[in-house]
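As provided, start.cif (mmCIF, C-alpha atoms) reads as follows.
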```cif
data_query
#
loop_
_atom_site.group_PDB
_atom_site.id
_atom_site.type_symbol
_atom_site.label_atom_id
_atom_site.label_comp_id
_atom_site.auth_asym_id
_atom_site.auth_seq_id
_atom_site.Cartn_x
_atom_site.Cartn_y
_atom_site.Cartn_z
ATOM 1 C CA MET A 1112 0.000 0.000 0.000
ATOM 2 C CA ALA A 1113 1.447 3.358 -1.076
ATOM 3 C CA GLY A 1114 2.207 5.931 1.590
ATOM 4 C CA PHE A 1115 1.206 9.583 1.620
ATOM 5 C CA ARG A 1116 4.367 10.896 -0.035
ATOM 6 C CA ALA A 1117 4.257 8.293 -2.819
ATOM 7 C CA LEU A 1118 0.637 9.190 -3.507
ATOM 8 C CA ALA A 1119 1.499 12.900 -3.511
ATOM 9 C CA ARG A 1120 4.138 12.217 -6.183
ATOM 10 C CA GLU A 1121 1.457 10.498 -8.263
ATOM 11 C CA VAL A 1122 -0.809 13.539 -7.908
ATOM 12 C CA ARG A 1123 2.020 15.750 -9.215
ATOM 13 C CA ASN A 1124 3.008 13.454 -12.106
ATOM 14 C CA PRO A 1125 1.885 15.237 -15.318
ATOM 15 C CA ARG A 1126 2.286 12.020 -17.315
ATOM 16 C CA ARG A 1127 -0.571 10.370 -15.438
ATOM 17 C CA HIS A 1128 -4.177 10.837 -16.512
ATOM 18 C CA ILE A 1129 -5.925 13.541 -14.525
ATOM 19 C CA THR A 1130 -8.529 11.048 -13.279
ATOM 20 C CA ALA A 1131 -5.775 8.847 -11.825
ATOM 21 C CA ARG A 1132 -4.146 11.893 -10.231
ATOM 22 C CA ARG A 1133 -7.471 12.818 -8.628
ATOM 23 C CA THR A 1134 -7.814 9.264 -7.314
ATOM 24 C CA SER A 1135 -4.345 9.499 -5.767
ATOM 25 C CA LEU A 1136 -5.345 12.690 -3.969
ATOM 26 C CA ARG A 1137 -8.432 10.945 -2.592
ATOM 27 C CA LYS A 1138 -6.176 8.116 -1.403
ATOM 28 C CA CYS A 1139 -3.987 10.682 0.384
ATOM 29 C CA LEU A 1140 -7.032 11.313 2.584
ATOM 30 C CA GLU A 1141 -6.894 7.702 3.747
ATOM 31 C CA ARG A 1142 -3.573 8.642 5.386
ATOM 32 C CA PHE A 1143 -4.332 12.180 6.539
ATOM 33 C CA ALA A 1144 -7.808 13.714 6.829
ATOM 34 C CA PRO A 1145 -8.206 16.077 9.797
ATOM 35 C CA TYR A 1146 -11.974 16.493 9.354
ATOM 36 C CA GLY A 1147 -12.575 12.902 8.263
ATOM 37 C CA HIS A 1148 -12.364 11.710 4.660
ATOM 38 C CA ARG A 1149 -15.532 13.233 3.202
ATOM 39 C CA ALA A 1150 -15.409 16.564 5.030
ATOM 40 C CA THR A 1151 -11.686 17.042 4.267
ATOM 41 C CA TRP A 1152 -12.313 16.296 0.587
ATOM 42 C CA HIS A 1153 -15.195 18.788 0.490
ATOM 43 C CA HIS A 1154 -13.007 21.378 2.227
ATOM 44 C CA LEU A 1155 -10.129 20.951 -0.253
ATOM 45 C CA CYS A 1156 -12.478 21.111 -3.224
ATOM 46 C CA THR A 1157 -14.184 24.242 -1.905
ATOM 47 C CA ARG A 1158 -10.931 26.087 -1.246
ATOM 48 C CA SER A 1159 -9.266 25.080 -4.535
ATOM 49 C CA GLY A 1160 -12.321 25.717 -6.714
ATOM 50 C CA MET A 1161 -12.959 22.106 -7.694
ATOM 51 C CA THR A 1162 -16.309 20.378 -7.733
ATOM 52 C CA PRO A 1163 -16.249 17.328 -5.420
ATOM 53 C CA GLU A 1164 -17.834 15.137 -8.118
ATOM 54 C CA ASP A 1165 -15.602 16.365 -10.978
ATOM 55 C CA ARG A 1166 -13.627 13.370 -12.264
ATOM 56 C CA ARG A 1167 -11.375 15.536 -14.449
ATOM 57 C CA PRO A 1168 -10.514 18.610 -12.402
ATOM 58 C CA ASP A 1169 -8.132 21.306 -13.528
ATOM 59 C CA PRO A 1170 -4.571 20.086 -12.718
ATOM 60 C CA LEU A 1171 -3.618 23.393 -11.083
ATOM 61 C CA ARG A 1172 -6.615 23.202 -8.755
ATOM 62 C CA LEU A 1173 -5.687 19.625 -7.900
ATOM 63 C CA LEU A 1174 -2.162 20.718 -6.982
ATOM 64 C CA THR A 1175 -3.512 23.609 -4.925
ATOM 65 C CA ALA A 1176 -5.568 21.147 -2.893
ATOM 66 C CA LEU A 1177 -2.574 18.837 -2.448
ATOM 67 C CA GLU A 1178 -0.332 21.673 -1.275
ATOM 68 C CA GLU A 1179 -2.843 22.712 1.388
ATOM 69 C CA LEU A 1180 -3.126 19.112 2.580
ATOM 70 C CA GLU A 1181 0.669 18.683 2.683
ATOM 71 C CA GLU A 1182 1.131 21.913 4.632
ATOM 72 C CA ALA A 1183 -1.329 20.742 7.282
ATOM 73 C CA ARG A 1184 0.195 17.258 7.440
ATOM 74 C CA THR A 1185 3.713 18.656 7.914
ATOM 75 C CA LEU A 1186 2.475 20.814 10.780
ATOM 76 C CA TRP A 1187 0.633 17.936 12.443
ATOM 77 C CA LEU A 1188 3.517 15.463 12.113
ATOM 78 C CA ALA A 1189 5.841 18.017 13.721
ATOM 79 C CA TYR A 1190 3.393 18.367 16.601
ATOM 80 C CA GLU A 1191 3.179 14.583 16.964
ATOM 81 C CA ALA A 1192 6.988 14.332 17.060
ATOM 82 C CA ASP A 1193 7.079 16.944 19.835
ATOM 83 C CA PHE A 1194 4.285 15.104 21.640
ATOM 84 C CA ALA A 1195 6.152 11.781 21.471
ATOM 85 C CA ALA A 1196 9.353 13.386 22.774
ATOM 86 C CA ARG A 1197 7.474 14.998 25.664
ATOM 87 C CA ARG A 1198 5.761 11.722 26.616
ATOM 88 C CA ARG A 1199 9.108 9.909 26.622
ATOM 89 C CA GLN A 1200 10.519 12.541 28.967
ATOM 90 C CA GLU A 1201 7.463 12.349 31.222
ATOM 91 C CA LYS A 1202 7.788 8.579 31.472
ATOM 92 C CA LEU A 1203 11.427 8.956 32.490
ATOM 93 C CA LEU A 1204 10.202 11.236 35.262
ATOM 94 C CA GLY A 1205 7.655 8.644 36.374
ATOM 95 C CA ILE A 1206 4.577 10.269 34.809
ATOM 96 C CA ARG A 1207 2.975 7.217 33.219
ATOM 97 C CA GLN A 1208 -0.655 8.303 32.948
ATOM 98 C CA PRO A 1209 -1.375 10.643 30.001
ATOM 99 C CA SER A 1210 -3.626 13.654 30.519
ATOM 100 C CA ALA A 1211 -7.166 13.744 29.123
ATOM 101 C CA VAL A 1212 -5.940 15.790 26.143
ATOM 102 C CA ASP A 1213 -3.058 13.386 25.552
ATOM 103 C CA ASP A 1214 -5.383 10.403 25.755
ATOM 104 C CA TRP A 1215 -7.683 11.992 23.156
ATOM 105 C CA HIS A 1216 -4.685 12.860 20.968
ATOM 106 C CA LEU A 1217 -3.488 9.257 20.945
ATOM 107 C CA ARG A 1218 -6.836 8.254 19.420
ATOM 108 C CA THR A 1219 -6.200 10.590 16.492
ATOM 109 C CA TRP A 1220 -2.577 9.546 15.922
ATOM 110 C CA GLY A 1221 -1.559 9.852 12.288
ATOM 111 C CA GLY A 1222 -3.963 12.634 11.443
ATOM 112 C CA CYS A 1223 -7.324 11.099 10.604
ATOM 113 C CA ASP A 1224 -10.477 12.440 12.269
ATOM 114 C CA ILE A 1225 -8.531 14.899 14.404
ATOM 115 C CA ILE A 1226 -11.533 17.215 14.545
ATOM 116 C CA PRO A 1227 -14.410 15.506 12.724
ATOM 117 C CA CYS A 1228 -17.226 17.617 11.347
ATOM 118 C CA GLU A 1229 -20.929 17.147 11.919
ATOM 119 C CA SER A 1230 -21.552 17.178 8.166
ATOM 120 C CA PRO A 1231 -19.187 16.675 5.195
ATOM 121 C CA SER A 1232 -20.266 20.064 3.859
ATOM 122 C CA ALA A 1233 -19.994 21.945 7.191
ATOM 123 C CA HIS A 1234 -16.375 22.655 8.112
ATOM 124 C CA PRO A 1235 -14.097 25.603 8.910
ATOM 125 C CA GLY A 1236 -13.347 27.816 5.926
ATOM 126 C CA ASP A 1237 -9.726 28.630 6.800
ATOM 127 C CA ARG A 1238 -6.677 26.714 5.611
ATOM 128 C CA LEU A 1239 -6.244 23.349 7.291
ATOM 129 C CA ALA A 1240 -2.875 24.347 8.732
ATOM 130 C CA ASP A 1241 -4.353 27.463 10.342
ATOM 131 C CA VAL A 1242 -7.142 25.415 11.901
ATOM 132 C CA LEU A 1243 -4.668 22.854 13.258
ATOM 133 C CA ARG A 1244 -2.486 25.619 14.713
ATOM 134 C CA ARG A 1245 -5.478 26.886 16.675
ATOM 135 C CA LEU A 1246 -6.275 23.361 17.811
ATOM 136 C CA ILE A 1247 -2.706 22.772 18.982
ATOM 137 C CA ALA A 1248 -2.726 26.107 20.832
ATOM 138 C CA ALA A 1249 -5.952 25.069 22.559
ATOM 139 C CA MET A 1250 -4.466 21.712 23.548
ATOM 140 C CA GLU A 1251 -1.462 23.447 25.057
ATOM 141 C CA SER A 1252 -3.420 26.158 26.894
ATOM 142 C CA GLY A 1253 -6.015 23.950 28.596
ATOM 143 C CA PRO A 1254 -9.840 23.703 28.499
ATOM 144 C CA GLY A 1255 -11.735 26.731 27.256
ATOM 145 C CA ALA A 1256 -15.295 28.036 27.125
ATOM 146 C CA ALA A 1257 -15.645 28.285 23.326
ATOM 147 C CA CYS A 1258 -14.860 26.472 20.102
ATOM 148 C CA PRO A 1259 -11.052 26.180 19.869
ATOM 149 C CA VAL A 1260 -11.151 26.786 16.099
ATOM 150 C CA CYS A 1261 -13.458 29.757 15.529
ATOM 151 C CA ILE A 1262 -13.459 30.990 19.181
ATOM 152 C CA ARG A 1263 -17.244 31.319 19.210
ATOM 153 C CA PRO A 1264 -19.364 30.085 22.139
ATOM 154 C CA GLY A 1265 -22.225 28.584 20.093
ATOM 155 C CA LEU A 1266 -21.880 24.939 21.128
ATOM 156 C CA VAL A 1267 -24.765 22.489 20.854
ATOM 157 C CA TRP A 1268 -24.714 18.959 22.276
ATOM 158 C CA ARG A 1269 -25.654 16.400 19.613
ATOM 159 C CA GLU A 1270 -26.472 12.753 20.326
ATOM 160 C CA ASP A 1271 -27.226 11.711 16.740
ATOM 161 C CA LEU A 1272 -23.886 12.114 14.974
ATOM 162 C CA ASP A 1273 -23.461 9.551 12.198
ATOM 163 C CA ARG A 1274 -19.767 9.025 12.921
ATOM 164 C CA TYR A 1275 -17.342 8.612 15.828
ATOM 165 C CA PRO A 1276 -17.938 10.094 18.287
ATOM 166 C CA SER A 1277 -21.676 9.449 18.078
ATOM 167 C CA ALA A 1278 -22.374 12.259 20.554
ATOM 168 C CA GLY A 1279 -20.610 15.451 21.522
ATOM 169 C CA PRO A 1280 -20.503 19.255 21.435
ATOM 170 C CA VAL A 1281 -20.806 20.657 17.917
ATOM 171 C CA CYS A 1282 -19.846 24.216 17.022
ATOM 172 C CA ALA A 1283 -22.875 25.868 15.432
ATOM 173 C CA ASP A 1284 -20.573 28.226 13.494
ATOM 174 C CA CYS A 1285 -17.757 26.146 11.991
ATOM 175 C CA GLY A 1286 -19.304 22.668 12.266
ATOM 176 C CA ILE A 1287 -16.574 20.759 14.106
ATOM 177 C CA VAL A 1288 -17.214 18.235 16.848
ATOM 178 C CA VAL A 1289 -15.147 19.800 19.629
ATOM 179 C CA PRO A 1290 -12.924 17.347 21.542
ATOM 180 C CA LEU A 1291 -14.256 17.029 25.104
ATOM 181 C CA PRO A 1292 -10.905 17.676 26.858
ATOM 182 C CA LEU A 1293 -10.691 21.106 25.196
ATOM 183 C CA LEU A 1294 -13.824 22.410 26.928
ATOM 184 C CA THR A 1295 -14.458 23.349 30.537
ATOM 185 C CA THR A 1296 -17.139 21.521 32.500
ATOM 186 C CA GLU A 1297 -19.185 24.729 32.400
ATOM 187 C CA ALA A 1298 -18.992 24.901 28.589
ATOM 188 C CA LEU A 1299 -20.037 21.253 28.289
ATOM 189 C CA ALA A 1300 -22.938 21.812 30.669
ATOM 190 C CA ALA A 1301 -24.042 24.853 28.648
ATOM 191 C CA ALA A 1302 -23.958 22.833 25.415
ATOM 192 C CA ARG A 1303 -26.095 20.114 27.011
ATOM 193 C CA ARG A 1304 -28.592 22.733 28.182
ATOM 194 C CA VAL A 1305 -28.953 23.990 24.607
ATOM 195 C CA VAL A 1306 -30.042 20.570 23.338
ATOM 196 C CA ARG A 1307 -32.433 20.115 26.259
ATOM 197 C CA MET A 1308 -33.995 23.523 25.653
ATOM 198 C CA SER A 1309 -34.356 22.746 21.933
ATOM 199 C CA ARG A 1310 -36.208 19.536 22.707
ATOM 200 C CA TYR A 1311 -38.478 21.321 25.178
ATOM 201 C CA ALA A 1312 -39.313 24.020 22.622
ATOM 202 C CA ALA A 1313 -40.163 21.378 20.010
ATOM 203 C CA VAL A 1314 -42.763 19.698 22.240
#
```

Show how you would write the structure in this file as structure tokens.
Amino acid sequence: MAGFRALAREVRNPRRHITARRTSLRKCLERFAPYGHRATWHHLCTRSGMTPEDRRPDPLRLLTALEELEEARTLWLAYEADFAARRRQEKLLGIRQPSAVDDWHLRTWGGCDIIPCESPSAHPGDRLADVLRRLIAAMESGPGAACPVCIRPGLVWREDLDRYPSAGPVCADCGIVVPLPLLTTEALAAARRVVRMSRYAAV
């Protein structure tokens, strides 16, 4: 099975048919897809000007999408290397139990479903690398009261997500499912109140 870098070379190869190059880019998302496969693909298409269903996209748009994905992957792999080095040092100091944020991070190792989105078409509009920088900053600064990506407080607890996790706080503005360790207990309680109030109003 080809790795990310080998697939990226196939995307860049002008001698390959554009349909095959598009397929290689989709396969890159099997190795690195911060929002999940479908939402990351929709994001890249939206930002590069491609249509998600277009089987023969413009080569320059395809390369634009690849470059954004590679930039984000490089950033995330550097963070994971720093994380691994820190955990090794902590273990030498006798700190064996990872924190709640570290435990969550280990579940996303490699870069897939780092911050899944409620819907494939609802995701942050900024570059992937910028979004991941904000996420990393939030992980390093501790739990907050708002979405770590768009910094807005509009969080709604959802129990019907069609992916993992099946329930959690969703940002009503940028669409991400916010990792639980990045929110204070007060923010989580407020998000749960929003869903309860919505149900009450619907009765």

Nearest candidate to A:His1153 (options A:Arg1245, A:Arg1167, A:Arg1274, A:His1234; using only C-alpha atoms): A:His1234

The PyMOL selection byres ((chain A and resi 1210-1222) around 6) applied to the shown file, residues as a PyMOL selection string: chain A and resi 1143+1145+1209+1223+1225+1292

Per residue of stretch 1168-1270 of chain A within 6 Å of stretch 1279-1289 of chain A, which atom pair is closest and at what distance in Å (one decimal), using all atoms listed in the file, listed by chain and increasing number, as CSV?
```
residue,atom,partner,partner_atom,distance
A:Pro1227,CA,A:Val1288,CA,5.7
A:Cys1228,CA,A:Ile1287,CA,4.2
A:Glu1229,CA,A:Gly1286,CA,5.8
A:Ala1233,CA,A:Gly1286,CA,5.2
A:His1234,CA,A:Gly1286,CA,5.1
A:Pro1235,CA,A:Cys1285,CA,4.8
A:Gly1265,CA,A:Ala1283,CA,5.4
A:Leu1266,CA,A:Cys1282,CA,4.6
A:Val1267,CA,A:Val1281,CA,5.3
A:Trp1268,CA,A:Pro1280,CA,4.3
A:Arg1269,CA,A:Gly1279,CA,5.5
```

What are the closest atom pairs, with distances in Å to one decimal, for each residue of stretch 1149-1239 of chain A lying within 8 Å of stretch 1118-1126 of chain A, using all atoms listed in the file, rows by chain and rising residue number, as a Markdown table?
```
| residue | atom | partner | partner_atom | distance |
| --- | --- | --- | --- | --- |
| A:Leu1173 | CA | A:Val1122 | CA | 7.8 |
| A:Leu1174 | CA | A:Arg1123 | CA | 6.9 |
| A:Leu1177 | CA | A:Ala1119 | CA | 7.3 |
```

Distance of atom CA of A:Pro1259 from atom CA of A:Val1242, expressed in Å to one decimal place: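 Calculated distance between atom CA of A:Val1242 and atom CA of A:Pro1259 is 8.9 Å.
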
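One finds atom CA of A:Arg1238 at 15.8 Å from atom CA of A:Ile1262.
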
Picked residues, the PyMOL selection byres ((chain A and resi 1159) around 8), expected as a count of residues only: 10

Spatial neighbours of stretch 1186-1201 of chain A, max dist 8 Å, all atoms listed in the file, sep filter under 2 positions, as a ChimeraX atom specification: /A:1182-1184,1203-1207,1209,1220-1222,1240,1243-1244,1247
